[in-house]
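**Q** The structure is given below, and queries will be raised subsequently.
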Amino acid sequence: MREFLREVYERLYAHFGRRRWWSADSAFEVIVGAILTQQVSWKNVEKAIANLRAGNALSAGAILALPHAELGLLIRPTRYYNQKAQRLKDVCLLINEESGGDTGRFLQQEPGSLRRRLLAVRGIGKETADSILLYAAGRPVFVIDHYTHRILQRLGRTHGREPYDELQRLFEAHLPRDPALFNEYHALLVAHGHHLCLKTAPRCPECPLSGLCAHASQTGGAAG
DNA sequence: GCCCAGGTGGGTA
DNA sequence: TACCCACATGGG
């Protein structure tokens, strides 16, 4: 598995190059983006972030000061805007309570404790919490998303129904505990998921993972 | 008109 | 555990 995961990384990196995630100007913006990107394309998130920036609302204090309806209007492009407006306010409230509104200090706390606090916020699940830990706090936490499940399943390494934590342990146990590596790896998996291969086209001839499938011999196909 | 995008939580069996 | 559903925009 160790060798397999290394091979996947090497191939994706060679194919897509460095992803330079997370695209944001500040750690606070990463947190906002992590919530807004839930089940939405990044293009829409960019619009919402631009709205927030234009409204001078990219701080915990500013978001808390905004009426719910106004905040919802700004982040409308990210879908589920009512729920997400509340999620943003709740995480800002947490930052205020924990660290007096200082995002940097908020992120510096012990990772396990930070993760529990984030997960306690309604609307922040494991993937969002781990994205914040990795991309905002720089902790070596591997982020699992749908693409990760699908890719491993396509390659015959999993049955596709493993729980989040199981896949996370798999990556963390077989890779060097390096935030920069985890950062790039997750971003590459998403990049691959976008182009894919995993969607409609059963076999993309240019798939960078072709030939890696555990049962490639019987199907002649690989990742897709 | 259709499908899907860098999810989460609540309900039910 | 495993499914189902609500949430509810914008681009291809």
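Here, A, B, ... name the chains of the structure tokens in the order displayed, residue numbers run from 1 inside each chain, and ligands are numbered from 1 in the same displayed order.
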Near chain C, which residues of chain A fall within 7 Å when you count only C-alpha atoms (C1' of nucleotides), and what do they look like as a list in words?
**A**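 Matching residues, ligands excluded from the count: Arg76, Pro77, Thr78, Arg79 and Tyr80 of chain A.
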**Q** Suppose we keep C-alpha atoms; can you now write the selection as an mmCIF file, in the first residue's frame?
**A**
data_model
loop_
_atom_site.group_PDB
_atom_site.id
_atom_site.type_symbol
_atom_site.label_atom_id
_atom_site.label_comp_id
_atom_site.auth_asym_id
_atom_site.auth_seq_id
_atom_site.Cartn_x
_atom_site.Cartn_y
_atom_site.Cartn_z
ATOM 1 C CA ARG A 76 -25.651 33.116 -2.178
ATOM 2 C CA PRO A 77 -23.575 31.685 -5.048
ATOM 3 C CA THR A 78 -22.391 28.859 -2.772
ATOM 4 C CA ARG A 79 -25.813 27.253 -2.446
ATOM 5 C CA TYR A 80 -27.408 26.353 0.900
#
**Q** Against chain A, which residues of chain B fall within 12 Å? For each one I want the closest pair of atoms and the distance in Å (one decimal), counting only C-alpha atoms (C1' of nucleotides), rows by chain and increasing residue number, as JSON lines.
**A**
{"residue": "B:DC3", "atom": "C1'", "partner": "A:Thr200", "partner_atom": "CA", "distance": 10.7}
{"residue": "B:DC4", "atom": "C1'", "partner": "A:Ser41", "partner_atom": "CA", "distance": 9.1}
{"residue": "B:DA5", "atom": "C1'", "partner": "A:Ser41", "partner_atom": "CA", "distance": 4.3}
{"residue": "B:DG6", "atom": "C1'", "partner": "A:Thr37", "partner_atom": "CA", "distance": 6.2}
{"residue": "B:DG7", "atom": "C1'", "partner": "A:Gln38", "partner_atom": "CA", "distance": 4.7}
{"residue": "B:DT8", "atom": "C1'", "partner": "A:Gly123", "partner_atom": "CA", "distance": 5.4}
{"residue": "B:DG9", "atom": "C1'", "partner": "A:Gly123", "partner_atom": "CA", "distance": 7.4}
{"residue": "B:DG10", "atom": "C1'", "partner": "A:Gly123", "partner_atom": "CA", "distance": 12.0}
**Q** Take the residues from that selection and write them out as a CSV table (one decimal), in the first residue's frame, keeping C-alpha atoms (C1' of nucleotides).
**A**
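What landed in selection-v9.csv:
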chain,number,residue,atom,x,y,z
B,3,DC,C1',-26.2,16.6,-14.3
B,4,DC,C1',-22.9,17.7,-10.9
B,5,DA,C1',-19.9,20.4,-7.8
B,6,DG,C1',-13.4,20.5,-2.9
B,7,DG,C1',-20.7,18.1,2.6
B,8,DT,C1',-23.5,17.9,6.7
B,9,DG,C1',-27.1,16.5,9.7
B,10,DG,C1',-31.5,14.4,10.7
**Q** Could you work out how far atom CA of Ala137 of chain A lies from atom CA of Asp102 of chain A, giving the answer in Å with one decimal?
**A** 13.0 Å
**Q** Run DSSP on the backbone and give me the residues of segment 119-166 of chain A it puts in alpha helix (DSSP H), as a list of chain:residue names.
**A**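 Listing alpha helix (DSSP H) positions across segment 119-166 of chain A yields A:Leu119, A:Lys126, A:Glu127, A:Thr128, A:Ala129, A:Asp130, A:Ser131, A:His146, A:Tyr147, A:Thr148, A:His149, A:Arg150, A:Ile151, A:Leu152, A:Gln153, A:Arg154, A:Tyr164, A:Asp165, A:Glu166.
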